[in-house]
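Chemist: Sending over protein-v9.cif (mmCIF, C-alpha atoms).
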```cif
data_data
#
loop_
_atom_site.label_atom_id
_atom_site.label_comp_id
_atom_site.auth_asym_id
_atom_site.auth_seq_id
_atom_site.Cartn_x
_atom_site.Cartn_y
_atom_site.Cartn_z
CA MET A 143 -8.93 9.50 35.23
CA LYS A 144 -5.48 8.96 33.80
CA LYS A 145 -4.50 6.71 36.70
CA LEU A 146 -7.65 4.67 36.42
CA PHE A 147 -6.96 4.19 32.73
CA LEU A 148 -3.44 3.02 33.42
CA MET A 149 -4.38 0.69 36.20
CA LEU A 150 -7.04 -0.83 34.00
CA SER A 151 -4.73 -1.40 31.08
CA SER A 152 -1.99 -3.05 33.15
CA ALA A 153 -4.61 -5.06 35.06
CA THR A 154 -5.89 -6.38 31.74
CA VAL A 155 -2.48 -7.84 30.98
CA MET A 156 -2.26 -9.63 34.33
CA LEU A 157 -5.82 -10.88 34.30
CA VAL A 158 -5.88 -12.38 30.85
CA THR A 159 -2.53 -14.08 31.19
CA SER A 160 -3.52 -15.80 34.41
CA ALA A 161 -7.16 -16.58 33.78
CA THR A 162 -7.67 -17.53 30.16
CA ALA A 163 -4.29 -17.80 28.46
CA ALA A 164 -4.08 -21.58 28.63
CA ASP A 165 -7.54 -22.39 27.33
CA ASP A 166 -8.06 -19.46 24.95
CA PRO A 167 -4.74 -18.09 23.66
CA ILE A 168 -6.44 -16.16 20.85
CA ALA A 169 -8.64 -14.16 23.24
CA ALA A 170 -5.69 -13.66 25.58
CA ARG A 171 -3.33 -12.32 22.93
CA LYS A 172 -6.07 -10.06 21.54
CA ALA A 173 -6.60 -8.54 25.00
CA ILE A 174 -2.88 -8.02 25.44
CA MET A 175 -2.64 -6.31 22.06
CA GLN A 176 -5.51 -4.05 23.09
CA SER A 177 -3.60 -3.08 26.21
CA VAL A 178 -0.58 -2.25 24.06
CA GLY A 179 -2.85 -0.14 21.86
CA ALA A 180 -4.26 1.65 24.91
CA ALA A 181 -0.77 2.30 26.24
CA ALA A 182 0.36 3.58 22.83
CA GLY A 183 -2.76 5.78 22.71
CA LEU A 184 -1.85 7.35 26.04
CA GLY A 185 1.77 7.85 25.01
CA GLY A 186 0.72 9.27 21.65
CA ALA A 187 -1.76 11.66 23.24
CA MET A 188 1.01 13.08 25.44
CA LEU A 189 3.42 13.36 22.52
CA LYS A 190 0.80 15.02 20.32
CA GLY A 191 0.14 17.51 23.12
CA GLU A 192 -3.46 16.40 23.66
CA MET A 193 -2.46 15.72 27.29
CA ASP A 194 0.32 17.12 29.46
CA TYR A 195 3.32 14.84 29.84
CA ASN A 196 3.54 13.11 33.21
CA PRO A 197 6.58 10.92 34.06
CA LYS A 198 4.43 8.44 35.98
CA ALA A 199 2.15 8.01 32.98
CA GLY A 200 5.22 7.70 30.74
CA LYS A 201 6.59 4.96 32.96
CA ALA A 202 3.25 3.13 32.93
CA VAL A 203 3.13 3.23 29.13
CA MET A 204 6.59 1.73 28.76
CA THR A 205 6.01 -0.85 31.50
CA ALA A 206 2.71 -1.95 29.94
CA MET A 207 4.45 -2.47 26.60
CA HIS A 208 7.29 -4.36 28.20
CA SER A 209 5.05 -6.70 30.20
CA ALA A 210 2.85 -7.25 27.15
CA ALA A 211 5.85 -8.28 25.08
CA ILE A 212 6.77 -10.86 27.72
CA GLY A 213 3.18 -12.00 28.25
CA ILE A 214 2.25 -12.50 24.62
CA ALA A 215 5.25 -14.55 23.52
CA ASP A 216 3.79 -17.94 24.47
CA LEU A 217 0.26 -17.23 23.23
CA PHE A 218 0.82 -18.49 19.69
CA PRO A 219 0.87 -22.28 20.28
CA ALA A 220 0.28 -24.77 17.48
CA GLY A 221 -3.46 -25.10 17.00
CA SER A 222 -4.18 -21.40 17.52
CA GLU A 223 -3.59 -20.48 13.87
CA THR A 224 -7.27 -19.97 13.13
CA GLY A 225 -10.52 -19.22 14.89
CA GLY A 226 -11.68 -16.51 17.28
CA LYS A 227 -11.52 -13.90 14.51
CA THR A 228 -7.74 -13.97 14.76
CA THR A 229 -5.82 -11.57 12.54
CA SER A 230 -2.58 -13.46 13.11
CA SER A 231 -0.91 -14.23 9.80
CA PRO A 232 -0.10 -17.88 8.94
CA LYS A 233 3.46 -16.56 8.51
CA ILE A 234 3.84 -16.63 12.32
CA TRP A 235 3.77 -20.43 12.30
CA GLU A 236 5.71 -20.71 9.04
CA ASP A 237 8.48 -18.58 10.52
CA MET A 238 8.19 -18.98 14.30
CA ALA A 239 11.90 -18.18 14.78
CA GLY A 240 11.56 -14.87 12.93
CA PHE A 241 8.39 -14.03 14.82
CA LYS A 242 9.97 -14.81 18.20
CA ALA A 243 12.98 -12.68 17.24
CA ALA A 244 10.66 -9.77 16.39
CA LEU A 245 8.91 -10.13 19.76
CA ALA A 246 12.26 -10.36 21.55
CA LYS A 247 13.28 -7.08 19.93
CA PHE A 248 10.02 -5.46 21.08
CA GLU A 249 10.63 -6.80 24.60
CA ALA A 250 14.19 -5.46 24.64
CA ASP A 251 13.25 -2.03 23.25
CA ALA A 252 10.27 -1.62 25.59
CA GLY A 253 12.27 -2.94 28.55
CA GLU A 254 15.06 -0.46 27.87
CA GLY A 255 12.50 2.34 27.83
CA ALA A 256 10.75 1.11 30.96
CA SER A 257 13.98 1.09 32.95
CA SER A 258 15.25 4.45 31.66
CA ASP A 259 14.81 7.90 33.16
CA LEU A 260 11.56 9.25 31.75
CA ALA A 261 11.57 12.54 33.62
CA ASP A 262 10.85 14.71 30.60
CA LYS A 263 8.88 14.47 27.40
CA ALA A 264 11.97 14.29 25.16
CA ALA A 265 13.26 11.25 27.03
CA PHE A 266 9.85 9.60 26.79
CA GLN A 267 9.61 10.40 23.09
CA ALA A 268 12.90 8.61 22.42
CA ALA A 269 11.94 5.56 24.49
CA PHE A 270 8.40 5.38 23.14
CA GLY A 271 9.46 5.90 19.53
CA LYS A 272 11.96 3.05 19.70
CA ALA A 273 9.47 0.62 21.26
CA ALA A 274 6.49 1.67 19.13
CA ALA A 275 8.44 1.22 15.88
CA ASN A 276 8.05 -2.49 16.56
CA CYS A 277 4.27 -2.27 16.12
CA LYS A 278 4.32 -1.74 12.38
CA SER A 279 7.43 -3.79 11.66
CA CYS A 280 5.77 -6.82 13.28
CA HIS A 281 2.30 -6.09 11.84
CA GLU A 282 3.84 -5.73 8.38
CA GLY A 283 4.71 -9.40 8.17
CA TYR A 284 2.73 -11.17 10.86
CA ARG A 285 -0.76 -9.68 10.86
CA VAL A 286 -3.47 -9.75 8.19
CA LYS A 287 -6.47 -7.46 7.78
CA LYS A 288 -9.81 -9.27 7.89
CA MET H 272 -31.89 -19.27 -46.44
CA LEU H 273 -30.01 -21.00 -43.61
CA LYS H 274 -26.85 -20.83 -45.65
CA LYS H 275 -27.34 -17.12 -46.08
CA ILE H 276 -27.80 -16.62 -42.33
CA ALA H 277 -24.72 -18.73 -41.62
CA ALA H 278 -22.71 -16.72 -44.13
CA ALA H 279 -23.95 -13.47 -42.60
CA CYS H 280 -23.02 -14.67 -39.13
CA LEU H 281 -19.59 -15.67 -40.36
CA ILE H 282 -19.02 -12.27 -41.94
CA ILE H 283 -20.27 -10.42 -38.84
CA GLY H 284 -18.04 -12.60 -36.67
CA LEU H 285 -15.03 -11.94 -38.88
CA VAL H 286 -15.67 -8.21 -38.91
CA ALA H 287 -16.10 -8.22 -35.11
CA ALA H 288 -12.85 -10.14 -34.71
CA ILE H 289 -10.99 -7.71 -36.97
CA VAL H 290 -12.49 -4.71 -35.15
CA LEU H 291 -11.56 -6.14 -31.73
CA TRP H 292 -8.06 -6.99 -32.97
CA VAL H 293 -7.57 -3.43 -34.19
CA LEU H 294 -9.11 -1.89 -31.06
CA SER H 295 -7.04 -4.08 -28.75
CA ALA H 296 -3.74 -2.96 -30.31
CA PRO H 297 -1.21 -1.50 -27.84
CA ALA H 298 -1.01 2.29 -28.12
CA THR H 299 2.17 4.35 -28.17
CA LEU H 300 2.95 8.05 -28.03
CA SER H 301 4.09 9.66 -31.27
CA GLU H 302 7.68 10.85 -31.73
CA GLN H 303 6.42 14.44 -31.70
CA GLN H 304 4.62 13.88 -28.38
CA ILE H 305 7.74 12.39 -26.81
CA ALA H 306 9.96 15.18 -28.19
CA ALA H 307 7.64 17.68 -26.49
CA PHE H 308 8.29 16.22 -23.00
CA PRO H 309 10.03 18.75 -20.74
CA ALA H 310 13.63 18.03 -19.69
CA GLY H 311 13.74 15.74 -16.67
CA ASP H 312 14.99 16.85 -13.26
CA ALA H 313 16.30 13.92 -11.21
CA ALA H 314 15.95 15.75 -7.87
CA LYS H 315 12.25 16.37 -8.49
CA GLY H 316 11.94 12.83 -9.81
CA GLU H 317 12.92 11.42 -6.45
CA ASN H 318 9.72 12.80 -4.97
CA VAL H 319 7.70 11.29 -7.83
CA PHE H 320 9.49 7.98 -7.22
CA TRP H 321 8.37 7.75 -3.56
CA ALA H 322 4.90 9.14 -4.25
CA ALA H 323 4.38 6.54 -6.99
CA GLY H 324 5.72 3.74 -4.77
CA CYS H 325 7.92 2.17 -7.49
CA ALA H 326 10.23 0.52 -4.95
CA SER H 327 7.42 -1.11 -2.99
CA CYS H 328 6.81 -3.54 -5.84
CA HIS H 329 10.08 -3.50 -7.79
CA SER H 330 12.74 -3.75 -5.06
CA ALA H 331 13.78 -7.19 -3.85
CA PRO H 332 11.31 -8.91 -1.48
CA LYS H 333 11.56 -7.37 2.03
CA ALA H 334 14.15 -4.77 0.92
CA LYS H 335 14.44 -1.87 3.37
CA GLY H 336 16.43 1.35 3.36
CA ASP H 337 18.95 1.87 0.54
CA ALA H 338 18.27 -1.65 -0.78
CA GLN H 339 14.91 -0.29 -1.97
CA LEU H 340 16.75 1.73 -4.61
CA THR H 341 17.87 -1.41 -6.43
CA LEU H 342 14.81 -2.27 -8.51
CA THR H 343 15.71 -5.89 -8.98
CA GLY H 344 12.12 -7.19 -9.04
CA GLY H 345 10.94 -10.62 -7.96
CA ARG H 346 8.05 -9.90 -5.60
CA GLY H 347 5.01 -12.07 -6.36
CA PHE H 348 1.41 -10.86 -6.44
CA ALA H 349 -1.17 -13.64 -6.14
CA THR H 350 -4.32 -12.41 -7.91
CA PRO H 351 -7.48 -14.22 -9.06
CA PHE H 352 -5.90 -14.25 -12.56
CA GLY H 353 -2.63 -15.83 -11.51
CA THR H 354 0.61 -14.78 -9.82
CA PHE H 355 2.43 -11.83 -11.33
CA PHE H 356 6.09 -11.16 -10.56
CA ALA H 357 7.37 -7.60 -10.58
CA PRO H 358 10.14 -7.44 -13.20
CA ASN H 359 13.64 -6.02 -12.88
CA ILE H 360 13.42 -2.29 -13.73
CA SER H 361 16.90 -1.41 -12.52
CA THR H 362 19.29 0.37 -14.89
CA ASP H 363 20.90 -2.90 -16.02
CA LYS H 364 21.03 -2.86 -19.83
CA GLU H 365 20.25 -6.55 -20.26
CA HIS H 366 17.79 -7.42 -17.48
CA GLY H 367 16.42 -3.99 -16.54
CA VAL H 368 15.49 -0.78 -18.33
CA GLY H 369 19.05 0.49 -18.92
CA SER H 370 18.69 0.42 -22.69
CA TRP H 371 15.28 2.15 -22.76
CA SER H 372 14.57 5.62 -24.15
CA LEU H 373 12.36 8.21 -22.44
CA GLY H 374 9.72 7.27 -25.00
CA ASP H 375 9.87 3.59 -24.02
CA PHE H 376 9.47 4.57 -20.39
CA ALA H 377 6.58 6.95 -21.11
CA ASN H 378 4.77 4.32 -23.19
CA ALA H 379 5.15 1.83 -20.34
CA VAL H 380 4.05 4.14 -17.53
CA LEU H 381 1.34 6.14 -19.29
CA LEU H 382 -0.07 3.55 -21.71
CA GLY H 383 0.96 0.14 -20.39
CA THR H 384 2.83 -0.70 -23.61
CA THR H 385 6.17 -2.55 -23.64
CA PRO H 386 9.11 -1.32 -25.76
CA ASP H 387 8.46 -4.15 -28.23
CA GLY H 388 4.82 -3.12 -28.59
CA ALA H 389 2.90 -5.55 -26.34
CA HIS H 390 0.56 -4.88 -23.44
CA TYR H 391 1.71 -4.93 -19.84
CA PHE H 392 -0.60 -6.74 -17.44
CA PRO H 393 -2.55 -4.33 -15.24
CA ALA H 394 -0.89 -5.68 -12.07
CA PHE H 395 1.43 -2.84 -13.11
CA PRO H 396 -0.83 0.15 -12.25
CA PHE H 397 -0.43 1.97 -15.59
CA GLY H 398 -4.20 2.52 -15.52
CA THR H 399 -3.55 4.95 -12.65
CA TYR H 400 -0.19 6.31 -13.80
CA ALA H 401 -1.98 7.20 -17.05
CA ARG H 402 -3.02 10.42 -15.28
CA MET H 403 0.60 11.48 -14.59
CA THR H 404 1.89 14.72 -16.06
CA HIS H 405 4.54 14.38 -18.75
CA GLY H 406 6.80 16.54 -16.58
CA ASP H 407 6.60 14.03 -13.73
CA VAL H 408 7.33 11.13 -16.13
CA ALA H 409 10.41 12.96 -17.43
CA ASP H 410 11.59 13.76 -13.88
CA LEU H 411 11.03 10.16 -12.78
CA TRP H 412 13.00 8.85 -15.76
CA ALA H 413 15.85 11.24 -14.92
CA TYR H 414 15.84 9.92 -11.34
CA PHE H 415 15.84 6.29 -12.58
CA GLN H 416 19.20 7.01 -14.31
CA THR H 417 20.75 7.64 -10.88
CA LEU H 418 19.72 4.21 -9.50
CA PRO H 419 21.91 1.08 -9.39
CA ALA H 420 21.93 -1.67 -12.01
CA ASP H 421 21.21 -5.27 -11.02
CA LYS H 422 21.69 -8.41 -13.09
CA THR H 423 18.83 -10.50 -11.66
CA ALA H 424 16.68 -11.91 -14.47
CA SER H 425 12.95 -11.13 -14.27
CA LYS H 426 10.75 -14.06 -13.30
CA THR H 427 8.11 -15.33 -15.71
CA HIS H 428 4.55 -14.63 -14.55
CA ASP H 429 2.67 -17.70 -13.35
CA VAL H 430 -0.61 -16.88 -15.08
CA PRO H 431 -2.78 -19.53 -16.76
CA PHE H 432 -4.64 -19.34 -20.07
CA PRO H 433 -6.58 -17.25 -21.11
CA PHE H 434 -5.25 -14.47 -18.90
CA ASN H 435 -1.69 -15.00 -20.16
CA VAL H 436 -2.69 -13.77 -23.64
CA ARG H 437 -1.32 -10.25 -23.59
CA ARG H 438 -3.48 -9.13 -26.49
CA GLY H 439 -6.50 -9.74 -24.24
CA VAL H 440 -5.30 -6.88 -22.02
CA GLY H 441 -6.25 -4.65 -24.98
CA LEU H 442 -9.89 -5.51 -24.33
CA TRP H 443 -9.39 -4.77 -20.63
CA LYS H 444 -7.97 -1.39 -21.62
CA LEU H 445 -10.96 -0.71 -23.87
CA LEU H 446 -13.26 -1.25 -20.89
CA PHE H 447 -11.29 0.34 -18.06
CA PHE H 448 -8.41 2.51 -19.29
CA SER H 449 -8.97 6.24 -18.87
CA THR H 450 -6.81 9.31 -18.42
CA GLU H 451 -9.76 11.30 -17.02
CA PRO H 452 -9.82 12.25 -13.32
CA VAL H 453 -11.86 9.83 -11.18
CA LEU H 454 -13.73 12.59 -9.34
CA ALA H 455 -14.87 16.05 -10.39
CA PHE H 456 -14.81 18.89 -7.83
CA ASP H 457 -16.39 22.34 -8.07
CA ASN H 458 -13.73 25.02 -7.59
CA PRO H 459 -11.15 22.77 -5.93
CA SER H 460 -8.42 24.50 -3.93
CA GLU H 461 -4.79 24.08 -5.02
CA GLN H 462 -4.34 21.73 -2.05
CA LEU H 463 -7.30 19.58 -3.09
CA LYS H 464 -6.04 19.45 -6.68
CA ARG H 465 -2.62 18.32 -5.47
CA GLY H 466 -4.24 15.69 -3.24
CA GLN H 467 -6.35 14.46 -6.14
CA TYR H 468 -3.27 14.17 -8.34
CA LEU H 469 -1.32 12.32 -5.66
CA VAL H 470 -4.12 9.82 -4.93
CA GLU H 471 -5.55 9.41 -8.44
CA ALA H 472 -2.30 9.46 -10.46
CA LEU H 473 0.82 8.74 -8.39
CA ALA H 474 0.17 6.94 -5.09
CA HIS H 475 -2.40 4.65 -6.78
CA CYS H 476 -4.37 4.25 -3.54
CA GLY H 477 -7.39 3.10 -5.54
CA GLU H 478 -5.56 0.08 -6.94
CA CYS H 479 -6.00 -1.62 -3.55
CA HIS H 480 -8.61 0.47 -1.74
CA THR H 481 -11.19 0.35 -4.57
CA PRO H 482 -12.94 -3.02 -5.08
CA ARG H 483 -12.79 -4.68 -8.49
CA ASN H 484 -15.38 -6.26 -10.74
CA PRO H 485 -14.94 -9.85 -11.99
CA ALA H 486 -13.02 -8.59 -15.03
CA GLY H 487 -10.45 -6.93 -12.77
CA GLY H 488 -11.56 -3.35 -13.41
CA MET H 489 -11.92 -0.86 -10.58
CA ARG H 490 -15.52 -0.18 -9.59
CA LEU H 491 -15.33 3.60 -9.68
CA ASP H 492 -18.79 3.91 -8.05
CA ARG H 493 -17.10 2.31 -5.01
CA TRP H 494 -14.03 4.57 -5.17
CA LEU H 495 -11.78 3.95 -2.12
CA ALA H 496 -14.57 2.05 -0.30
CA GLY H 497 -12.38 -1.01 0.33
CA GLY H 498 -13.22 -4.69 0.06
CA LYS H 499 -11.43 -7.83 -0.94
CA ALA H 500 -7.77 -7.24 -1.72
CA PRO H 501 -6.72 -7.52 -5.40
CA GLU H 502 -3.98 -9.94 -4.30
CA GLY H 503 -3.71 -12.28 -1.35
CA ASP H 504 -6.75 -12.95 0.84
CA GLU H 505 -6.88 -9.84 3.00
CA VAL H 506 -9.62 -7.25 3.28
CA ILE H 507 -8.68 -3.69 2.42
CA PRO H 508 -10.13 -0.90 4.61
CA ASN H 509 -12.67 1.64 3.43
CA ILE H 510 -10.89 5.03 3.44
CA THR H 511 -13.85 7.21 2.48
CA PRO H 512 -15.19 9.71 5.06
CA HIS H 513 -18.07 7.41 6.07
CA GLU H 514 -18.50 5.93 9.54
CA ASP H 515 -17.73 2.55 7.93
CA GLY H 516 -14.51 4.09 6.66
CA ILE H 517 -12.35 6.77 8.28
CA GLY H 518 -15.10 9.36 8.76
CA ASP H 519 -14.09 9.92 12.37
CA TRP H 520 -10.47 10.68 11.43
CA SER H 521 -9.59 14.37 11.22
CA ALA H 522 -7.34 15.62 8.44
CA THR H 523 -4.63 15.85 11.11
CA ASP H 524 -5.21 12.19 12.04
CA ILE H 525 -4.70 11.18 8.39
CA VAL H 526 -1.47 13.17 8.13
CA TYR H 527 -0.25 11.70 11.44
CA SER H 528 -1.03 8.15 10.31
CA LEU H 529 0.93 8.62 7.09
CA GLU H 530 3.87 9.91 9.14
CA THR H 531 3.85 7.37 11.98
CA ALA H 532 1.75 4.37 10.85
CA PHE H 533 -0.54 4.92 13.85
CA THR H 534 -4.31 5.22 13.48
CA PRO H 535 -6.18 7.61 15.82
CA GLU H 536 -6.95 4.57 18.03
CA PHE H 537 -3.23 3.79 18.07
CA ASP H 538 -3.54 0.59 16.20
CA SER H 539 -0.66 0.45 13.74
CA PHE H 540 -0.76 -0.03 10.00
CA GLY H 541 0.17 -3.54 8.90
CA SER H 542 0.99 -5.64 5.85
CA SER H 543 1.55 -3.76 2.58
CA MET H 544 0.33 -0.44 4.04
CA VAL H 545 3.54 -0.20 6.07
CA GLU H 546 5.62 0.28 2.92
CA VAL H 547 3.08 2.75 1.54
CA GLN H 548 3.23 4.73 4.79
CA GLU H 549 7.03 4.78 4.68
CA ASN H 550 6.85 6.12 1.12
CA MET H 551 4.34 8.80 2.11
CA ALA H 552 6.50 9.79 5.10
CA ARG H 553 9.29 10.71 2.65
CA LEU H 554 7.13 13.32 0.89
CA PRO H 555 6.91 16.97 1.93
CA LYS H 556 4.36 17.45 4.70
CA SER H 557 2.28 19.59 2.34
CA ASP H 558 1.75 16.49 0.18
CA ARG H 559 0.45 14.45 3.12
CA GLU H 560 -1.83 17.35 4.01
CA ALA H 561 -3.07 17.44 0.41
CA ILE H 562 -3.84 13.71 0.51
CA ALA H 563 -5.77 14.25 3.75
CA ALA H 564 -7.75 17.12 2.19
CA TYR H 565 -8.65 14.89 -0.75
CA LEU H 566 -9.67 11.94 1.46
CA LYS H 567 -11.96 14.26 3.42
CA ALA H 568 -13.55 15.41 0.13
CA VAL H 569 -14.29 12.10 -1.61
CA PRO H 570 -17.84 10.65 -1.53
CA ALA H 571 -18.59 8.87 1.77
CA LEU H 572 -19.59 5.27 1.02
CA ALA H 573 -21.08 2.71 3.40
CA LYS H 574 -19.80 -0.85 3.33
CA GLU H 575 -21.70 -3.18 1.01
#
```
Could you quickly redo this structure as structure tokens?

Modeler:
Amino acid sequence: MKKLFLMLSSATVMLVTSATAADDPIAARKAIMQSVGAAAGLGGAMLKGEMDYNPKAGKAVMTAMHSAAIGIADLFPAGSETGGKTTSSPKIWEDMAGFKAALAKFEADAGEGASSDLADKAAFQAAFGKAAANCKSCHEGYRVKK
Amino acid sequence: MLKKIAAACLIIGLVAAIVLWVLSAPATLSEQQIAAFPAGDAAKGENVFWAAGCASCHSAPKAKGDAQLTLTGGRGFATPFGTFFAPNISTDKEHGVGSWSLGDFANAVLLGTTPDGAHYFPAFPFGTYARMTHGDVADLWAYFQTLPADKTASKTHDVPFPFNVRRGVGLWKLLFFSTEPVLAFDNPSEQLKRGQYLVEALAHCGECHTPRNPAGGMRLDRWLAGGKAPEGDEVIPNITPHEDGIGDWSATDIVYSLETAFTPEFDSFGSSMVEVQENMARLPKSDREAIAAYLKAVPALAKE
């Protein structure tokens, strides 16, 4: 069950980036964000003790976040500011350099976690916490509630 | 006959104007009331400071960490009535509140009255802080004395006529100002009472999460049911225990979200809720648990 879940979430990232990214960047970045949410949900469930920690699952969580950070960076082209029920804030396009810097930080933090030794829960907690802190710091300035 | 009616109308109008003028006067606490405030404790005031979220509006735009303690002001709030700018409330004697007395501070926080006897605009949530205990006001004021001074001048609000007439806020207060609790509970536990105090008096959750009527008053029959944001163009979530709100969140989920900014679905909080969450994370865990108990106990309201 866990494995299926993981395979699905990483498959989502690959599928959307190859199939629809060019013609529908809004749908593509939404799907990637959902995969990040699913990965965070799995990591959070292990940290909260709702599931036992498993190093393979921990690795998959960090890898999914890392690949999402890479995959999403080019999905905010000019012209994708509105439509498709996007919750992207106009601030992304007003401050593209700041937004790209925030994404680069997420990519670096998640990448560091993905390549680290995640043998035990404490190691995963440190890696996950560092990467997941980027969720709210980016959503604070660059996402709106609709 | 017509003349008599006209004269009567004129007199009624004049009387009404005088009555409204008197009723719209800014209120202040008496010297005896202020003298009866307990002595302030700065250490306890720090908790009040984070619970009340002072820094989230009054620190410099985007301030994080220790910079939040310098209450330099300057953040803008774009409302349907105009754009309000949070003033400097640092301890600077000229530009901040450094020359204020405890009474000045209490009149501002509890009654929305400036030291020179005018109304504050309700972008400052005095209508919620009105329910604060005098002990908490005294503690908060003691804590303010420990904060840095900053010489930044306060910005002038960008608010058009007629909303820029401060006396008009007196009419708003007549309609919407109350020190009564929003909800009444039968035999509330100590935890529920604490949660009610935190939400209804300090954390001012309702200022954003409760929709407003066209006059800018909170619609208390829609308490915490969300809707259009009071500033900006976002939509604020319903946080009542209804399926349209956060009915499927457990009390533990609520506490966890206030600690980590993650919802049970592992979406993260965004926009202004991030600062609120960071404030709530600074409180004792028992306070977050009290807020959760209260949010599970409020009336469940469907979206409109």

Chemist: Mind telling me what the PyMOL selection byres ((chain H) within 9 of (chain A)) catches here, as a VMD selection string?

Modeler: chain H and resid 504 to 508 531 to 533 535 to 546

Chemist: Deliver the residues from the most recent selection as a file, using C-alpha atoms, as an mmCIF file, keeping the file's coordinate frame.

Modeler:
```cif
data_model
loop_
_atom_site.group_PDB
_atom_site.id
_atom_site.type_symbol
_atom_site.label_atom_id
_atom_site.label_comp_id
_atom_site.auth_asym_id
_atom_site.auth_seq_id
_atom_site.Cartn_x
_atom_site.Cartn_y
_atom_site.Cartn_z
ATOM 1 C CA ASP H 504 -6.750 -12.950 0.840
ATOM 2 C CA GLU H 505 -6.880 -9.840 3.000
ATOM 3 C CA VAL H 506 -9.620 -7.250 3.280
ATOM 4 C CA ILE H 507 -8.680 -3.690 2.420
ATOM 5 C CA PRO H 508 -10.130 -0.900 4.610
ATOM 6 C CA THR H 531 3.850 7.370 11.980
ATOM 7 C CA ALA H 532 1.750 4.370 10.850
ATOM 8 C CA PHE H 533 -0.540 4.920 13.850
ATOM 9 C CA PRO H 535 -6.180 7.610 15.820
ATOM 10 C CA GLU H 536 -6.950 4.570 18.030
ATOM 11 C CA PHE H 537 -3.230 3.790 18.070
ATOM 12 C CA ASP H 538 -3.540 0.590 16.200
ATOM 13 C CA SER H 539 -0.660 0.450 13.740
ATOM 14 C CA PHE H 540 -0.760 -0.030 10.000
ATOM 15 C CA GLY H 541 0.170 -3.540 8.900
ATOM 16 C CA SER H 542 0.990 -5.640 5.850
ATOM 17 C CA SER H 543 1.550 -3.760 2.580
ATOM 18 C CA MET H 544 0.330 -0.440 4.040
ATOM 19 C CA VAL H 545 3.540 -0.200 6.070
ATOM 20 C CA GLU H 546 5.620 0.280 2.920
#
```

Chemist: Just say which residues the PyMOL selection byres ((chain H and resi 363-370) around 6) picks in this file, as a list in words.

Modeler: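 Taken on the displayed file, the PyMOL selection byres ((chain H and resi 363-370) around 6) yields the residues Asn359, Ile360, Ser361, Thr362, Trp371, Ala420, Asp421, Lys422 and Ala424 of chain H.
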
Chemist: Could you write out that same residue set with C-alpha atoms as an mmCIF file, keeping the file's coordinate frame?

Modeler:
```
data_model
loop_
_atom_site.group_PDB
_atom_site.id
_atom_site.type_symbol
_atom_site.label_atom_id
_atom_site.label_comp_id
_atom_site.auth_asym_id
_atom_site.auth_seq_id
_atom_site.Cartn_x
_atom_site.Cartn_y
_atom_site.Cartn_z
ATOM 1 C CA ASN H 359 13.640 -6.020 -12.880
ATOM 2 C CA ILE H 360 13.420 -2.290 -13.730
ATOM 3 C CA SER H 361 16.900 -1.410 -12.520
ATOM 4 C CA THR H 362 19.290 0.370 -14.890
ATOM 5 C CA TRP H 371 15.280 2.150 -22.760
ATOM 6 C CA ALA H 420 21.930 -1.670 -12.010
ATOM 7 C CA ASP H 421 21.210 -5.270 -11.020
ATOM 8 C CA LYS H 422 21.690 -8.410 -13.090
ATOM 9 C CA ALA H 424 16.680 -11.910 -14.470
#
```

Chemist: What does the PyMOL selection byres ((chain H and resi 494) around 10) select in this file, as a PyMOL selection string?

Modeler: chain H and resi 453-454+476-478+480-483+489-493+495-497+509-511+569-572

Chemist: Quick one: distance from atom CA of H:Pro433 to atom CA of H:Cys479 in Å, one decimal?

Modeler: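 That distance, rounded to one decimal, is 23.5 Å.
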
Chemist: As an exercise, work out the distance from atom CA of H:Phe352 to atom CA of H:Arg437 in Å and give it to one decimal place.

Modeler: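 Computed distance, atom CA of H:Phe352 to atom CA of H:Arg437, equals 12.6 Å.
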